[in-house]
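Visitor: The file below is final.tsv, TSV, C-alpha atoms and all ligand atoms:
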```
chain	number	residue	atom	x	y	z
A	1	MET	CA	10.16	-1.04	4.06
A	2	ALA	CA	13.84	-0.39	4.62
A	3	TYR	CA	15.93	-3.14	3.08
A	4	SER	CA	19.42	-3.96	4.30
A	5	ASP	CA	22.40	-3.36	2.01
A	6	LYS	CA	22.79	-7.06	1.40
A	7	VAL	CA	19.18	-7.43	0.34
A	8	ILE	CA	19.53	-4.49	-2.03
A	9	ASP	CA	22.75	-5.91	-3.43
A	10	HIS	CA	21.15	-9.29	-4.18
A	11	TYR	CA	17.99	-7.64	-5.40
A	12	GLU	CA	19.75	-5.34	-7.82
A	13	GLN	CA	22.24	-7.92	-8.98
A	14	PRO	CA	20.64	-11.26	-8.35
A	15	ARG	CA	23.04	-14.15	-8.80
A	16	ASN	CA	22.06	-17.22	-10.77
A	17	VAL	CA	18.75	-16.12	-12.20
A	18	GLY	CA	17.49	-18.56	-14.79
A	19	SER	CA	16.38	-22.09	-15.43
A	20	LEU	CA	17.91	-25.52	-15.80
A	21	ASP	CA	16.30	-28.28	-17.82
A	22	LYS	CA	13.83	-29.83	-15.44
A	23	ASN	CA	13.78	-33.06	-17.43
A	24	ASP	CA	17.52	-33.53	-17.05
A	25	ASP	CA	18.22	-36.42	-14.68
A	26	THR	CA	20.90	-34.52	-12.83
A	27	VAL	CA	18.58	-31.58	-12.12
A	28	GLY	CA	16.30	-31.21	-9.11
A	29	THR	CA	13.52	-28.62	-9.19
A	30	GLY	CA	11.75	-27.06	-6.23
A	31	ILE	CA	8.70	-24.89	-6.70
A	32	VAL	CA	7.16	-23.28	-3.64
A	33	GLY	CA	4.81	-20.46	-2.77
A	34	ALA	CA	3.90	-18.22	0.14
A	35	PRO	CA	0.11	-18.23	0.42
A	36	ALA	CA	-0.02	-15.14	2.60
A	37	CYS	CA	1.33	-12.93	-0.18
A	38	GLY	CA	1.01	-15.10	-3.28
A	39	ASP	CA	4.70	-14.96	-4.14
A	40	VAL	CA	6.23	-17.95	-5.92
A	41	MET	CA	9.78	-19.25	-6.26
A	42	LYS	CA	11.48	-21.84	-8.44
A	43	LEU	CA	14.91	-23.11	-7.44
A	44	GLN	CA	16.88	-25.71	-9.35
A	45	ILE	CA	20.08	-27.57	-8.66
A	46	LYS	CA	22.36	-29.59	-10.91
A	47	VAL	CA	24.05	-32.41	-9.07
A	48	GLU	CA	27.15	-34.44	-9.91
A	49	ASP	CA	28.55	-37.11	-7.57
A	50	GLY	CA	26.38	-35.87	-4.73
A	51	VAL	CA	27.69	-32.31	-5.06
A	52	ILE	CA	25.71	-29.32	-6.29
A	53	LYS	CA	27.50	-28.01	-9.36
A	54	ASP	CA	25.06	-25.36	-10.41
A	55	ALA	CA	21.98	-23.63	-9.05
A	56	LYS	CA	19.45	-21.32	-10.65
A	57	PHE	CA	16.33	-19.58	-9.46
A	58	LYS	CA	13.39	-17.55	-10.60
A	59	THR	CA	11.49	-15.69	-7.92
A	60	TYR	CA	8.34	-13.71	-8.50
A	61	GLY	CA	8.00	-11.88	-5.26
A	62	CYS	CA	9.29	-9.23	-2.94
A	63	GLY	CA	12.87	-8.04	-2.65
A	64	SER	CA	13.56	-10.18	0.40
A	65	ALA	CA	12.40	-13.33	-1.38
A	66	ILE	CA	14.56	-12.54	-4.39
A	67	ALA	CA	17.56	-11.84	-2.17
A	68	SER	CA	16.96	-15.01	-0.12
A	69	SER	CA	16.84	-17.23	-3.19
A	70	SER	CA	19.83	-15.50	-4.76
A	71	LEU	CA	21.83	-16.04	-1.58
A	72	VAL	CA	20.83	-19.69	-1.32
A	73	THR	CA	21.91	-20.44	-4.88
A	74	GLU	CA	25.27	-18.86	-4.09
A	75	TRP	CA	25.67	-20.84	-0.90
A	76	VAL	CA	24.75	-24.26	-2.24
A	77	LYS	CA	27.11	-24.33	-5.19
A	78	GLY	CA	29.86	-26.74	-4.28
A	79	MET	CA	27.96	-28.14	-1.29
A	80	ASN	CA	26.99	-31.76	-1.01
A	81	LEU	CA	23.29	-32.54	-0.71
A	82	GLU	CA	23.44	-33.40	2.97
A	83	ASP	CA	24.87	-30.00	3.86
A	84	ALA	CA	22.59	-28.08	1.51
A	85	GLU	CA	19.64	-29.78	3.13
A	86	LYS	CA	20.62	-28.35	6.50
A	87	ILE	CA	20.28	-24.73	5.45
A	88	GLN	CA	17.85	-23.00	7.79
A	89	ASN	CA	15.81	-19.94	7.07
A	90	SER	CA	17.23	-18.35	10.23
A	91	GLN	CA	20.71	-18.37	8.65
A	92	ILE	CA	19.34	-16.66	5.56
A	93	ALA	CA	17.42	-14.12	7.61
A	94	GLU	CA	20.50	-13.38	9.68
A	95	GLU	CA	22.81	-12.98	6.70
A	96	LEU	CA	20.37	-10.57	5.06
A	97	SER	CA	19.29	-8.87	8.31
A	98	LEU	CA	15.64	-9.48	7.50
A	99	PRO	CA	13.10	-7.87	9.84
A	100	PRO	CA	10.51	-10.17	11.48
A	101	VAL	CA	7.78	-9.41	8.94
A	102	LYS	CA	10.07	-10.68	6.17
A	103	ILE	CA	10.98	-13.98	7.80
A	104	HIS	CA	8.45	-15.84	5.66
A	105	CYS	CA	10.41	-14.76	2.59
A	106	SER	CA	13.50	-16.60	3.84
A	107	VAL	CA	11.31	-19.60	4.74
A	108	LEU	CA	10.33	-19.71	1.10
A	109	ALA	CA	14.00	-20.07	0.07
A	110	GLU	CA	14.58	-22.82	2.63
A	111	ASP	CA	11.50	-24.67	1.41
A	112	ALA	CA	12.66	-24.25	-2.18
A	113	ILE	CA	16.12	-25.77	-1.72
A	114	LYS	CA	14.64	-28.64	0.29
A	115	ALA	CA	12.05	-29.27	-2.41
A	116	ALA	CA	14.75	-29.22	-5.12
A	117	ILE	CA	16.84	-31.78	-3.23
A	118	LYS	CA	13.80	-33.94	-2.67
A	119	ASP	CA	12.95	-33.81	-6.36
A	120	TYR	CA	16.50	-34.79	-7.29
A	121	ARG	CA	16.45	-37.72	-4.86
A	122	LYS	CA	13.12	-38.86	-6.18
A	123	LYS	CA	14.54	-39.01	-9.68
A	124	HIS	CA	17.30	-41.21	-8.34
A	125	GLY	CA	15.11	-43.66	-6.51
A	126	GLY	CA	15.74	-42.01	-3.16
A	127	GLY	CA	12.12	-42.46	-2.18
A	128	ASP	CA	9.95	-39.82	-0.66
A	129	GLU	CA	11.14	-38.93	2.79
A	130	ALA	CA	9.27	-36.21	4.61
B	131	MET	CA	-23.69	6.80	24.25
B	132	VAL	CA	-23.72	4.13	21.57
B	133	SER	CA	-22.11	0.98	22.86
B	134	PHE	CA	-19.00	-0.25	21.17
B	135	ASP	CA	-17.20	-3.36	22.28
B	136	PRO	CA	-13.79	-3.54	20.61
B	137	THR	CA	-13.38	-7.21	21.54
B	138	ALA	CA	-16.53	-8.23	19.65
B	139	ASP	CA	-16.19	-9.66	16.16
B	140	PHE	CA	-16.70	-7.27	13.27
B	141	PHE	CA	-20.23	-8.42	12.60
B	142	GLN	CA	-21.24	-8.00	16.22
B	143	ILE	CA	-19.75	-4.51	16.29
B	144	PHE	CA	-22.23	-3.48	13.63
B	145	ALA	CA	-25.04	-5.67	14.93
B	146	LEU	CA	-25.11	-7.57	11.64
B	147	ASP	CA	-25.74	-11.23	11.00
B	148	ARG	CA	-22.54	-13.10	10.46
B	149	GLY	CA	-22.31	-14.19	6.85
B	150	TYR	CA	-21.09	-13.18	3.45
B	151	ALA	CA	-24.35	-11.55	2.39
B	152	LEU	CA	-24.42	-8.16	3.96
B	153	ASP	CA	-27.00	-5.51	4.65
B	154	ARG	CA	-24.92	-2.66	3.26
B	155	ASP	CA	-27.27	0.09	4.33
B	156	ALA	CA	-27.28	-1.18	7.88
B	157	LEU	CA	-23.49	-1.33	7.83
B	158	GLU	CA	-23.20	2.26	6.63
B	159	ARG	CA	-25.76	3.53	9.10
B	160	ARG	CA	-24.28	1.74	12.05
B	161	TYR	CA	-20.77	2.80	11.08
B	162	LEU	CA	-21.72	6.47	10.98
B	163	GLU	CA	-23.40	6.25	14.37
B	164	LEU	CA	-20.47	4.52	15.98
B	165	ALA	CA	-17.88	6.65	14.25
B	166	SER	CA	-19.37	9.81	15.62
B	167	ALA	CA	-19.72	8.28	19.10
B	168	VAL	CA	-16.05	7.34	19.31
B	169	HIS	CA	-14.64	10.17	17.25
B	170	PRO	CA	-11.48	11.55	18.89
B	171	ASP	CA	-12.80	15.14	18.43
B	172	ARG	CA	-15.30	14.42	21.16
B	173	PHE	CA	-12.53	13.79	23.59
B	174	VAL	CA	-10.27	16.79	23.04
B	175	GLY	CA	-10.67	18.06	26.58
B	176	ALA	CA	-10.75	14.60	28.16
B	177	PRO	CA	-7.91	13.08	30.20
B	178	ALA	CA	-5.09	11.52	28.18
B	179	GLY	CA	-6.19	7.97	28.98
B	180	GLU	CA	-9.67	8.56	27.61
B	181	ARG	CA	-8.31	10.24	24.54
B	182	ARG	CA	-6.04	7.33	23.81
B	183	LEU	CA	-8.92	4.93	24.29
B	184	ALA	CA	-11.07	6.94	21.87
B	185	MET	CA	-8.28	6.86	19.37
B	186	GLU	CA	-7.92	3.10	19.65
B	187	ARG	CA	-11.63	2.55	19.34
B	188	SER	CA	-11.85	4.78	16.37
B	189	SER	CA	-9.11	2.93	14.53
B	190	ALA	CA	-10.54	-0.47	15.51
B	191	LEU	CA	-13.89	0.67	14.18
B	192	ASN	CA	-12.42	1.83	10.89
B	193	GLU	CA	-10.55	-1.42	10.51
B	194	ALA	CA	-13.74	-3.42	11.09
B	195	TYR	CA	-15.65	-1.27	8.64
B	196	ARG	CA	-13.07	-1.56	5.89
B	197	ALA	CA	-12.81	-5.32	6.35
B	198	LEU	CA	-16.56	-5.85	6.05
B	199	ARG	CA	-17.07	-3.46	3.18
B	200	ASP	CA	-14.48	-5.12	0.97
B	201	PRO	CA	-15.81	-8.34	-0.61
B	202	VAL	CA	-12.46	-10.15	-0.51
B	203	ARG	CA	-11.54	-9.05	2.97
B	204	ARG	CA	-15.01	-9.95	4.22
B	205	ALA	CA	-14.63	-13.48	2.86
B	206	GLU	CA	-11.14	-13.73	4.35
B	207	TYR	CA	-12.43	-12.51	7.67
B	208	LEU	CA	-15.21	-15.11	7.72
B	209	VAL	CA	-12.60	-17.78	7.09
B	210	LYS	CA	-10.61	-16.37	9.99
B	211	LEU	CA	-13.65	-16.57	12.26
B	212	GLY	CA	-13.89	-20.17	11.07
B	213	GLY	CA	-10.38	-20.80	12.41
B	214	VAL	CA	-8.08	-20.30	9.39
B	215	ASP	CA	-5.81	-17.27	9.31
B	216	LEU	CA	-4.68	-16.72	5.73
B	217	ASP	CA	-1.95	-14.35	6.85
B	218	SER	CA	-0.27	-17.05	8.87
B	219	SER	CA	1.91	-19.88	7.59
B	220	ASP	CA	1.17	-22.10	10.57
B	221	PRO	CA	0.58	-25.60	9.16
B	222	GLU	CA	-2.49	-26.15	11.38
B	223	THR	CA	-4.29	-22.84	11.42
B	224	GLY	CA	-2.57	-20.89	8.66
B	225	ALA	CA	-3.19	-20.59	4.93
B	226	PRO	CA	-3.57	-24.00	3.27
B	227	ARG	CA	-0.90	-24.85	0.74
B	228	PRO	CA	-1.99	-24.96	-2.87
B	229	THR	CA	-1.21	-28.02	-4.96
B	230	GLN	CA	2.16	-28.42	-6.63
B	231	ALA	CA	0.48	-28.33	-10.03
B	232	PHE	CA	-1.01	-24.96	-9.21
B	233	LEU	CA	2.36	-23.52	-8.16
B	234	ILE	CA	3.98	-24.79	-11.33
B	235	GLU	CA	1.25	-23.08	-13.26
B	236	MET	CA	1.92	-19.83	-11.41
B	237	ILE	CA	5.56	-19.99	-12.54
B	238	GLU	CA	4.50	-20.81	-16.10
B	239	LEU	CA	2.13	-17.86	-16.12
B	240	ARG	CA	5.07	-15.57	-15.39
B	241	GLU	CA	6.95	-17.09	-18.26
B	242	GLN	CA	3.97	-16.53	-20.53
B	243	LEU	CA	3.80	-12.95	-19.30
B	244	GLU	CA	7.47	-12.37	-20.09
B	245	GLU	CA	6.87	-13.62	-23.61
B	246	ALA	CA	3.75	-11.54	-24.02
B	247	ARG	CA	5.41	-8.30	-22.93
B	248	GLY	CA	5.47	-5.76	-25.71
B	249	ASP	CA	2.40	-7.26	-27.30
B	250	ASP	CA	-0.48	-5.40	-25.66
B	251	ASP	CA	-3.17	-7.70	-27.03
B	252	ALA	CA	-1.45	-10.77	-25.69
B	253	VAL	CA	-1.00	-9.15	-22.27
B	254	ASP	CA	-4.67	-8.09	-22.23
B	255	GLU	CA	-5.75	-11.57	-23.12
B	256	LEU	CA	-3.71	-13.05	-20.31
B	257	ARG	CA	-5.02	-10.48	-17.85
B	258	ASP	CA	-8.64	-11.14	-18.85
B	259	ALA	CA	-8.24	-14.87	-18.52
B	260	ILE	CA	-6.70	-14.62	-15.08
B	261	GLU	CA	-9.17	-12.01	-13.89
B	262	THR	CA	-11.97	-14.36	-14.82
B	263	ARG	CA	-10.32	-17.15	-12.89
B	264	ALA	CA	-9.74	-14.93	-9.88
B	265	ASP	CA	-13.41	-13.93	-9.87
B	266	GLY	CA	-14.31	-17.59	-10.13
B	267	ALA	CA	-12.10	-18.42	-7.15
B	268	LEU	CA	-13.82	-15.74	-5.10
B	269	ASP	CA	-17.22	-17.11	-6.13
B	270	ASP	CA	-16.10	-20.58	-5.07
B	271	ALA	CA	-15.02	-19.20	-1.71
B	272	ILE	CA	-18.35	-17.44	-1.22
B	273	ALA	CA	-20.25	-20.60	-2.12
B	274	ALA	CA	-18.14	-22.63	0.30
B	275	LEU	CA	-18.74	-20.08	3.05
B	276	GLY	CA	-22.45	-20.39	2.37
B	277	ARG	CA	-22.19	-24.12	3.02
B	278	GLY	CA	-20.17	-23.50	6.16
B	279	GLU	CA	-17.11	-25.16	4.67
B	280	THR	CA	-14.23	-23.10	5.98
B	281	PRO	CA	-11.38	-25.28	4.62
B	282	ALA	CA	-12.76	-25.20	1.07
B	283	ALA	CA	-13.30	-21.45	1.32
B	284	ALA	CA	-9.73	-21.02	2.59
B	285	ARG	CA	-8.33	-23.01	-0.33
B	286	ALA	CA	-10.25	-20.94	-2.85
B	287	LEU	CA	-9.12	-17.70	-1.21
B	288	VAL	CA	-5.49	-18.81	-1.35
B	289	VAL	CA	-5.89	-19.42	-5.07
B	290	HIS	CA	-7.45	-15.98	-5.29
B	291	ARG	CA	-4.43	-14.41	-3.57
B	292	TYR	CA	-1.97	-16.05	-5.93
B	293	LEU	CA	-3.95	-14.93	-8.95
B	294	ARG	CA	-4.28	-11.40	-7.58
B	295	ARG	CA	-0.55	-11.29	-7.04
B	296	PHE	CA	-0.01	-12.29	-10.63
B	297	LEU	CA	-2.41	-9.59	-11.82
B	298	GLU	CA	-0.46	-7.01	-9.84
B	299	GLU	CA	2.61	-8.07	-11.74
B	300	VAL	CA	0.80	-7.77	-15.04
B	301	ASP	CA	0.00	-4.16	-14.29
B	302	GLY	CA	3.13	-3.33	-12.34
B	303	ASP	CA	6.35	-2.62	-14.12
B	304	ASP	CA	8.27	-5.65	-12.92
A	401	LIG	S1	6.41	-10.75	0.88
A	401	LIG	FE1	5.99	-12.64	0.01
A	401	LIG	S2	7.85	-13.64	-0.12
A	401	LIG	FE2	8.32	-11.74	0.71
```
In C-alpha cells, what does this structure look like?
Ligand code: FES

Guide:
Amino acid sequence: MAYSDKVIDHYEQPRNVGSLDKNDDTVGTGIVGAPACGDVMKLQIKVEDGVIKDAKFKTYGCGSAIASSSLVTEWVKGMNLEDAEKIQNSQIAEELSLPPVKIHCSVLAEDAIKAAIKDYRKKHGGGDEA
Amino acid sequence: MVSFDPTADFFQIFALDRGYALDRDALERRYLELASAVHPDRFVGAPAGERRLAMERSSALNEAYRALRDPVRRAEYLVKLGGVDLDSSDPETGAPRPTQAFLIEMIELREQLEEARGDDDAVDELRDAIETRADGALDDAIAALGRGETPAAARALVVHRYLRRFLEEVDGDD
C-alpha cells in the first residue's frame, strides 16, 4: 500500500497522541471501531465555552486511521462544537489523498469526533440526539 | 470435462452440503478434479479468450477452496450467504457494530498491553486469555450458524475479528 506524504507525515509524527481524563466534565470521549478490520480509535476533546481547547487520540490501527485521527485533532482545536460536528470523512480523505480502500479509515475518524461531541453534550444535559 | 460454474456458491462448486461441518476429503478430492480441469496449462494453445477464461476460473476455484478450507473464512462466508457481509460497513447488510462496552475494552486491552511490554510472562498471559476468548467467539459463531441465526453469528465473528486484530498487535512490533 503506497501512502501519501501527508499520511506518512502524520503517521511518523502523530500530533496529539494521548489521553484526557474521561471523568472530567469538560472532556468528551468518543470510542469507535471498524468491524471489517478490527481497528479501534479513541478521540477526546476538552471544551471551554463551546470551543474545543484540546484534543487527544489513541488509534490502534492502520497508518491511514492514525493519520486521519491525528489530522482531525489538529483541525478541531479552536473550533466550536457546531463546526467540528460538520467535519466529513470526505474532507479527511481528500486532505490525506486516501485511496478508495482506505476510505473506511477516515470514516472512523469522523465517527470518533462525532461520538466525542455527543459524549460531551450528554454530560451537559444536551440529550441524546442521533 | 468436469463442470464448473463460477457463479455458483462455494459449496455448490464442490458439490458439498452448505453448512459449517465439512466433508474435508470430499472437498480435497473435488478440488483436485476441478483444478486439473480448469488448469491454465491445458489451454496453452487455445485462443486468448479461452485462456483468459481458464485463468479466471482457476483463480475463482482457488479462492473458493481457500475460503472453505479455512474455519474462520468458512464461517464468515456462511454469514455472507445469510446476507451479512462482514467486509462492508453498510448499516443494513454490513458488519454489525459491537457494543460500546466492548470497544472500550478493546482500548483498555491495548493499554494493558503497553504496560505488560517487557514482561514476557505478562504478555503471554494476556495473549492466552485473549486467544481463549477468540476461540470462544468462533465457537459461538459456529453454534449460531448451526441454529441458522445469521445475525448472532455475524456479531460473534465481529468480536472474533477485533480480538484477532489485538492478537496481531501482541505479536507484531507495534
Ligand atoms: S484498515 Fe482499518 S482503519 Fe484502516

Visitor: Counting only C-alpha atoms, what is within 9 Å of Leu96 (chain A), bar same-chain residues fewer than 6 positions away, as a CSV table (one decimal) with C-alpha atoms, in the coordinates of the input?

Guide:
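result29.csv, freshly written:
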```csv
chain,number,residue,atom,x,y,z
A,3,TYR,CA,15.9,-3.1,3.1
A,4,SER,CA,19.4,-4.0,4.3
A,5,ASP,CA,22.4,-3.4,2.0
A,6,LYS,CA,22.8,-7.1,1.4
A,7,VAL,CA,19.2,-7.4,0.3
A,64,SER,CA,13.6,-10.2,0.4
A,67,ALA,CA,17.6,-11.8,-2.2
A,68,SER,CA,17.0,-15.0,-0.1
A,71,LEU,CA,21.8,-16.0,-1.6
```

Visitor: Which chains and residue numbers are within 10 Å of ligand LIG 401 (chain A), counting only C-alpha atoms and all ligand atoms, if I want them as a list of chain:residue names?

Guide: A:Gly33, A:Ala34, A:Pro35, A:Ala36, A:Cys37, A:Gly38, A:Asp39, A:Val40, A:Met41, A:Thr59, A:Tyr60, A:Gly61, A:Cys62, A:Gly63, A:Ser64, A:Ala65, A:Ile66, A:Ala67, A:Ser68, A:Val101, A:Lys102, A:Ile103, A:His104, A:Cys105, A:Ser106, A:Val107, A:Leu108, A:Ala109, B:Arg295

Visitor: Quote the spacing between CA of Ser19 (chain A) and CA of Glu255 (chain B) in Å to one decimal place.

Guide: 25.7 Å

Visitor: Please provide the set of residues having any atom within 10 Å of Asp49 (chain A), restricted to all atoms listed in the file, with same-chain residues fewer than 2 positions apart removed, written as a short mmCIF file (atom, residue, chain, number, x, y, z; two decimals) with C-alpha atoms, in the frame of the given file.

Guide:
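Generated file (around-v3.cif):
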```cif
data_model
loop_
_atom_site.label_atom_id
_atom_site.label_comp_id
_atom_site.auth_asym_id
_atom_site.auth_seq_id
_atom_site.Cartn_x
_atom_site.Cartn_y
_atom_site.Cartn_z
CA THR A 26 20.90 -34.52 -12.83
CA VAL A 47 24.05 -32.41 -9.07
CA VAL A 51 27.69 -32.31 -5.06
CA ILE A 52 25.71 -29.32 -6.29
CA LYS A 53 27.50 -28.01 -9.36
CA ASN A 80 26.99 -31.76 -1.01
CA LEU A 81 23.29 -32.54 -0.71
#
```

Visitor: Go through B:Glu279, B:Asp251, B:Ile234, B:Ala286 and flag the residue nearest chain A, using only C-alpha atoms for the distances.

Guide: B:Ile234

Visitor: Could you check the closest approach to chain B for each of A:Gln91, A:Lys58, A:Ser97, A:Arg15 and tell me which residue wins, using all atoms listed in the file?

Guide: A:Lys58

Visitor: I'd like the neighbourhood of Asp135 (chain B) as number ranges by chain, where a residue qualifies if any of its atoms comes within 9 Å (using all atoms listed in the file), though same-chain residues fewer than 6 positions away should be ignored.

Guide: B: 142-143, 187

Visitor: Check the smallest atom-to-atom distance from each of A:Gly50, A:Gly126, A:Pro14, A:Gly28 to Glu82 (chain A) using only C-alpha atoms, then report the winner.

Guide: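 Residue with the minimum atom-to-atom distance to Glu82 (chain A): A:Gly50.
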
Visitor: Mind pulling up the distance from CA of Tyr195 (chain B) to CA of Gly149 (chain B)?

Guide: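 Separation of CA of Gly149 (chain B) and CA of Tyr195 (chain B): 14.6 Å.
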
Visitor: One number please: CA of Thr73 (chain A) to CA of Asn16 (chain A), in Å, one decimal.

Guide: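 Calculated distance between CA of Thr73 (chain A) and CA of Asn16 (chain A) is 6.7 Å.
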
Visitor: Set out as JSON lines a contact list for chain B and chain A with a cut-off of 12 Å, giving each residue of chain B that qualifies its closest atom pair and distance in Å to one decimal, counting all atoms listed in the file, ordered by chain and rising residue number.

Guide:
```
{"residue": "B:Glu206", "atom": "CA", "partner": "A:Ala36", "partner_atom": "CA", "distance": 11.3}
{"residue": "B:Val214", "atom": "CA", "partner": "A:Ala36", "partner_atom": "CA", "distance": 11.7}
{"residue": "B:Asp215", "atom": "CA", "partner": "A:Ala36", "partner_atom": "CA", "distance": 9.1}
{"residue": "B:Leu216", "atom": "CA", "partner": "A:Ala36", "partner_atom": "CA", "distance": 5.8}
{"residue": "B:Asp217", "atom": "CA", "partner": "A:Ala36", "partner_atom": "CA", "distance": 4.7}
{"residue": "B:Ser218", "atom": "CA", "partner": "A:Ala36", "partner_atom": "CA", "distance": 6.6}
{"residue": "B:Ser219", "atom": "CA", "partner": "A:Ala36", "partner_atom": "CA", "distance": 7.1}
{"residue": "B:Asp220", "atom": "CA", "partner": "A:Ala36", "partner_atom": "CA", "distance": 10.6}
{"residue": "B:Pro221", "atom": "CA", "partner": "A:Pro35", "partner_atom": "CA", "distance": 11.4}
{"residue": "B:Gly224", "atom": "CA", "partner": "A:Ala36", "partner_atom": "CA", "distance": 8.7}
{"residue": "B:Ala225", "atom": "CA", "partner": "A:Pro35", "partner_atom": "CA", "distance": 6.1}
{"residue": "B:Pro226", "atom": "CA", "partner": "A:Pro35", "partner_atom": "CA", "distance": 7.4}
{"residue": "B:Arg227", "atom": "CA", "partner": "A:Pro35", "partner_atom": "CA", "distance": 6.7}
{"residue": "B:Pro228", "atom": "CA", "partner": "A:Pro35", "partner_atom": "CA", "distance": 7.8}
{"residue": "B:Thr229", "atom": "CA", "partner": "A:Val32", "partner_atom": "CA", "distance": 9.7}
{"residue": "B:Gln230", "atom": "CA", "partner": "A:Ile31", "partner_atom": "CA", "distance": 7.4}
{"residue": "B:Ala231", "atom": "CA", "partner": "A:Ile31", "partner_atom": "CA", "distance": 9.5}
{"residue": "B:Phe232", "atom": "CA", "partner": "A:Gly33", "partner_atom": "CA", "distance": 9.8}
{"residue": "B:Leu233", "atom": "CA", "partner": "A:Val32", "partner_atom": "CA", "distance": 6.6}
{"residue": "B:Ile234", "atom": "CA", "partner": "A:Ile31", "partner_atom": "CA", "distance": 6.6}
{"residue": "B:Glu235", "atom": "CA", "partner": "A:Ile31", "partner_atom": "CA", "distance": 10.1}
{"residue": "B:Met236", "atom": "CA", "partner": "A:Val40", "partner_atom": "CA", "distance": 7.2}
{"residue": "B:Ile237", "atom": "CA", "partner": "A:Val40", "partner_atom": "CA", "distance": 7.0}
{"residue": "B:Glu238", "atom": "CA", "partner": "A:Lys42", "partner_atom": "CA", "distance": 10.4}
{"residue": "B:Leu239", "atom": "CA", "partner": "A:Tyr60", "partner_atom": "CA", "distance": 10.7}
{"residue": "B:Arg240", "atom": "CA", "partner": "A:Tyr60", "partner_atom": "CA", "distance": 7.9}
{"residue": "B:Glu241", "atom": "CA", "partner": "A:Lys58", "partner_atom": "CA", "distance": 10.0}
{"residue": "B:Leu243", "atom": "CA", "partner": "A:Tyr60", "partner_atom": "CA", "distance": 11.7}
{"residue": "B:Glu244", "atom": "CA", "partner": "A:Tyr60", "partner_atom": "CA", "distance": 11.7}
{"residue": "B:Ala284", "atom": "CA", "partner": "A:Pro35", "partner_atom": "CA", "distance": 10.5}
{"residue": "B:Arg285", "atom": "CA", "partner": "A:Pro35", "partner_atom": "CA", "distance": 9.7}
{"residue": "B:Ala286", "atom": "CA", "partner": "A:Pro35", "partner_atom": "CA", "distance": 11.2}
{"residue": "B:Leu287", "atom": "CA", "partner": "A:Pro35", "partner_atom": "CA", "distance": 9.4}
{"residue": "B:Val288", "atom": "CA", "partner": "A:Pro35", "partner_atom": "CA", "distance": 5.9}
{"residue": "B:Val289", "atom": "CA", "partner": "A:Pro35", "partner_atom": "CA", "distance": 8.2}
{"residue": "B:His290", "atom": "CA", "partner": "A:Gly38", "partner_atom": "CA", "distance": 8.7}
{"residue": "B:Arg291", "atom": "CA", "partner": "A:Gly38", "partner_atom": "CA", "distance": 5.5}
{"residue": "B:Tyr292", "atom": "CA", "partner": "A:Gly38", "partner_atom": "CA", "distance": 4.1}
{"residue": "B:Leu293", "atom": "CA", "partner": "A:Gly38", "partner_atom": "CA", "distance": 7.5}
{"residue": "B:Arg294", "atom": "CA", "partner": "A:Gly38", "partner_atom": "CA", "distance": 7.8}
{"residue": "B:Arg295", "atom": "CA", "partner": "A:Gly38", "partner_atom": "CA", "distance": 5.6}
{"residue": "B:Phe296", "atom": "CA", "partner": "A:Gly38", "partner_atom": "CA", "distance": 7.9}
{"residue": "B:Leu297", "atom": "CA", "partner": "A:Gly38", "partner_atom": "CA", "distance": 10.7}
{"residue": "B:Glu298", "atom": "CA", "partner": "A:Gly38", "partner_atom": "CA", "distance": 10.5}
{"residue": "B:Glu299", "atom": "CA", "partner": "A:Tyr60", "partner_atom": "CA", "distance": 8.7}
{"residue": "B:Val300", "atom": "CA", "partner": "A:Tyr60", "partner_atom": "CA", "distance": 11.6}
{"residue": "B:Asp304", "atom": "CA", "partner": "A:Tyr60", "partner_atom": "CA", "distance": 9.2}
```

Visitor: Would you mind telling me which residue in A:Lys122, A:Leu98, A:Ala93, A:Ser70 lies nearest to Asp9 (chain A) when using only C-alpha atoms?

Guide: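 Ranked by minimum distance to Asp9 (chain A), first place goes to A:Ser70.
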
Visitor: Using all atoms listed in the file, determine which residues lie at most 12 Å from Ala273 (chain B), disregarding the query and same-chain residues fewer than 4 positions distant; provide the list as a list in words.

Guide: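 The contact residues come out as Gly149, Tyr150, Ala151, Ala205, Gly266, Ala267, Leu268, Asp269, Arg277, Gly278, Glu279, Thr280, Ala282, Ala283, Ala284, Ala286 and Leu287 of chain B.
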